[in-house]
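To keep things clear, I will list the structure first and then write my remarks on it.
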Amino acid sequence: MIPGIAPKTAAAPVAWAPQSRHMFVFGAGFVGRYVSERLLAQGWQVSGTCTSVTKKKELEMLGMNAFVFDATQSSLENVHSLRQATHLLISIPPIPGIGDPLFKLDEDLRRMLSHGNLEWLCYLSSTSVYGDCGGVLVDEDHTVNPKSESAKLRYNAEKGWLNLIDDLNLSAFIFRLGGIYGPGRSALDTLAKSKSLSKREKLRESKQYTARIHVADIYKAVLASMSIRCARKMFNVVDDDPAPRAEVFAFARSLIQRRYPDLITETIDAKSTGLDYQEIIVPAEKRVSNARMKQELDVNLLHPTYRSGLQSILDAWQIQSQLPNRSQ
């Protein structure tokens with residue numbers, strides 16, 4: 001078993017507010033872009049990285065100062081906005097065989113972040129670091145036991161970021177996220193696009209419990225963490241219902257069939273996969289507690305279950321402009 005990360009002793013959190021608001025997002029993908037758009041609407045200055053010129057143009061159209069960045073090849077000196085950032089959100093996943101690519105630039109990263117402007121840092125990790133816990137309820141103090149290579153890399157990245165901030169006077173958070181969904185990325189979108197499930201997705205459907213979180217609630221947790229001051233803190237960011245994916249897809253199908261009965265032309269269920277889910281369901285992995293997030297960050301979830309989350313996505317669809325494009 002890999003021991004959990006012991007929290008650094010710190011004074012009790014107190015309310016605080018940043019003097020200047022400049023968010024830098026490493027990895028302005030699904031979550032990073034969602035957070036960025038909403039901070040921009042609140043008057044923040046937002047900078048961030050992406051992986052292509054096309055995405056850079058899209059982010060710049062939103063009002064971001066964007067940089068095409070590859071941590072395995074690029075230099076942080078070219079990402080000059082990082083020096084001015086008061087807030088830093090890290091949403092770059094580890095790379096197999098490498099780990100968190102930003103630590104290849106460890107010395108440059110420490111130098112860039114030591115200018116004294118940075119007040120808040122948050123690394124987006126995953127509940128996968130807990131591994132198989134036999135279906136028990138796990139909180140942030142539960143011993144981690146990552147099994148997959150990606151989960152081990154996530155845990156190493158958590159330790160890396162916590163070690164990096166030890167010499168910096170700022171609030172630092174690790175968010176262990178459940179499976180992320182939201183507009184354009186949900187069971188509804190998979191079904192509407194008639195996409196076939198991958199082998200990995202089929203196997204994931206056998207799980208009895210699955211942690212998930214709507215991207216809007218990730219944003220709420222991000223905002224809430226900015227209002228407290230603490231040296232380093234872990235939070236599980238998940239909803240209240242660890243329902244199996246098969247149940248989620250069944251509910252999504254029922255929503256679509258009631259609203260758009262002709263939209264789904266392909267059956268994506270247990271029969272189409274050739275798997276008998278009653279036979280292959282295993283004693284789950286874990287149920288993940290969000291009690292600390294609710295108590296210490298005072299987060300009132302917008303979508304406490306997948307039902308309200310999927311319903312909100314469906315309600316936002318419009319036949320002509322927002323129904324998923326099946327050709328994608």
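In the structure tokens, chains take letters A, B, ... by order of appearance, with residues numbered from 1 within each chain and ligands from 1 in the order shown.
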Excluding stretch 106-116 of chain A and any residue of its chain fewer than 4 positions from it, enumerate the residues within 9 Å of it, using only C-alpha atoms, and give them as an mmCIF file with N, CA, C and O atoms, in the first residue's frame.
data_model
loop_
_atom_site.group_PDB
_atom_site.id
_atom_site.type_symbol
_atom_site.label_atom_id
_atom_site.label_comp_id
_atom_site.auth_asym_id
_atom_site.auth_seq_id
_atom_site.Cartn_x
_atom_site.Cartn_y
_atom_site.Cartn_z
ATOM 1 N N SER A 75 9.661 25.899 -23.586
ATOM 2 C CA SER A 75 10.296 26.574 -22.456
ATOM 3 C C SER A 75 9.277 27.468 -21.767
ATOM 4 O O SER A 75 8.456 28.123 -22.427
ATOM 5 N N LEU A 76 9.335 27.529 -20.452
ATOM 6 C CA LEU A 76 8.411 28.384 -19.716
ATOM 7 C C LEU A 76 8.716 29.858 -19.935
ATOM 8 O O LEU A 76 7.863 30.708 -19.669
ATOM 9 N N GLU A 77 9.908 30.172 -20.405
ATOM 10 C CA GLU A 77 10.249 31.567 -20.657
ATOM 11 C C GLU A 77 9.336 32.175 -21.717
ATOM 12 O O GLU A 77 9.131 33.391 -21.749
ATOM 13 N N HIS A 80 5.161 34.003 -20.773
ATOM 14 C CA HIS A 80 5.503 35.130 -19.896
ATOM 15 C C HIS A 80 4.391 35.524 -18.941
ATOM 16 O O HIS A 80 4.652 36.088 -17.876
ATOM 17 N N LEU A 82 2.783 33.752 -17.023
ATOM 18 C CA LEU A 82 2.847 32.965 -15.792
ATOM 19 C C LEU A 82 3.443 33.780 -14.650
ATOM 20 O O LEU A 82 3.062 33.607 -13.490
ATOM 21 N N ARG A 83 4.369 34.670 -14.951
ATOM 22 C CA ARG A 83 5.008 35.478 -13.906
ATOM 23 C C ARG A 83 4.008 36.404 -13.211
ATOM 24 O O ARG A 83 4.163 36.723 -12.033
ATOM 25 N N GLN A 84 2.998 36.854 -13.951
ATOM 26 C CA GLN A 84 2.029 37.804 -13.396
ATOM 27 C C GLN A 84 0.833 37.128 -12.728
ATOM 28 O O GLN A 84 0.001 37.795 -12.118
ATOM 29 N N ALA A 85 0.735 35.806 -12.843
ATOM 30 C CA ALA A 85 -0.461 35.106 -12.359
ATOM 31 C C ALA A 85 -0.561 35.161 -10.836
ATOM 32 O O ALA A 85 0.422 34.985 -10.112
ATOM 33 N N THR A 86 -1.772 35.410 -10.349
ATOM 34 C CA THR A 86 -2.055 35.320 -8.917
ATOM 35 C C THR A 86 -2.669 33.971 -8.573
ATOM 36 O O THR A 86 -2.660 33.560 -7.414
ATOM 37 N N LEU A 102 5.197 18.878 -16.639
ATOM 38 C CA LEU A 102 5.694 20.159 -16.142
ATOM 39 C C LEU A 102 6.907 19.987 -15.242
ATOM 40 O O LEU A 102 7.726 20.909 -15.101
ATOM 41 N N LEU A 164 6.559 21.115 -4.417
ATOM 42 C CA LEU A 164 6.948 22.362 -5.064
ATOM 43 C C LEU A 164 6.475 23.578 -4.276
ATOM 44 O O LEU A 164 7.183 24.586 -4.185
ATOM 45 N N ILE A 165 5.278 23.487 -3.694
ATOM 46 C CA ILE A 165 4.725 24.673 -3.026
ATOM 47 C C ILE A 165 5.203 24.811 -1.583
ATOM 48 O O ILE A 165 4.861 25.790 -0.919
ATOM 49 N N ASP A 167 7.909 25.766 -0.397
ATOM 50 C CA ASP A 167 8.693 26.988 -0.174
ATOM 51 C C ASP A 167 7.947 28.256 -0.584
ATOM 52 O O ASP A 167 8.517 29.349 -0.534
ATOM 53 N N LEU A 168 6.699 28.108 -1.008
ATOM 54 C CA LEU A 168 5.924 29.257 -1.458
ATOM 55 C C LEU A 168 4.822 29.568 -0.442
ATOM 56 O O LEU A 168 4.188 28.669 0.108
ATOM 57 N N ASN A 169 4.589 30.824 -0.211
ATOM 58 C CA ASN A 169 3.555 31.253 0.738
ATOM 59 C C ASN A 169 2.241 31.447 -0.010
ATOM 60 O O ASN A 169 1.921 32.551 -0.453
#
Per-residue nearest contacts stretch 61-115 of chain A to stretch 221-238 of chain A, cut-off 12 Å, using only C-alpha atoms, as CSV:
residue,atom,partner,partner_atom,distance
A:Thr86,CA,A:Met226,CA,10.9
A:His87,CA,A:Met226,CA,8.9
A:Leu88,CA,A:Val222,CA,10.9
A:Leu89,CA,A:Val222,CA,9.0
A:Ile90,CA,A:Val222,CA,11.7
May I have the residues from that selection written out with C-alpha atoms, as a short mmCIF file (atom, residue, chain, number, x, y, z; two decimals), in the first residue's frame?
data_model
loop_
_atom_site.label_atom_id
_atom_site.label_comp_id
_atom_site.auth_asym_id
_atom_site.auth_seq_id
_atom_site.Cartn_x
_atom_site.Cartn_y
_atom_site.Cartn_z
CA THR A 86 -2.05 35.32 -8.92
CA HIS A 87 -3.89 32.01 -9.38
CA LEU A 88 -2.69 28.81 -11.04
CA LEU A 89 -4.91 25.91 -12.14
CA ILE A 90 -3.10 22.78 -13.35
#
Based on the backbone DSSP call, show me all residues of stretch 29-232 of chain A assigned alpha helix (DSSP H), as a ChimeraX atom specification. /A:30-41,53-62,106-113,149-164,187-192,199-204,215-225
From the set A:Glu119, A:Asp241, A:Asp139, A:Asp70, which residue has the shortest atom-to-atom contact distance to A:Asp100, counting only C-alpha atoms?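 Looking only at the distances to A:Asp100, the closest residue turns out to be A:Asp70.
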Choose the residue, out of A:Phe69, A:Tyr34, A:Trp317, A:Phe249, that has the smallest atom-to-atom separation from A:Asp217; count only C-alpha atoms.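 Residue with the minimum atom-to-atom distance to A:Asp217: A:Tyr34.
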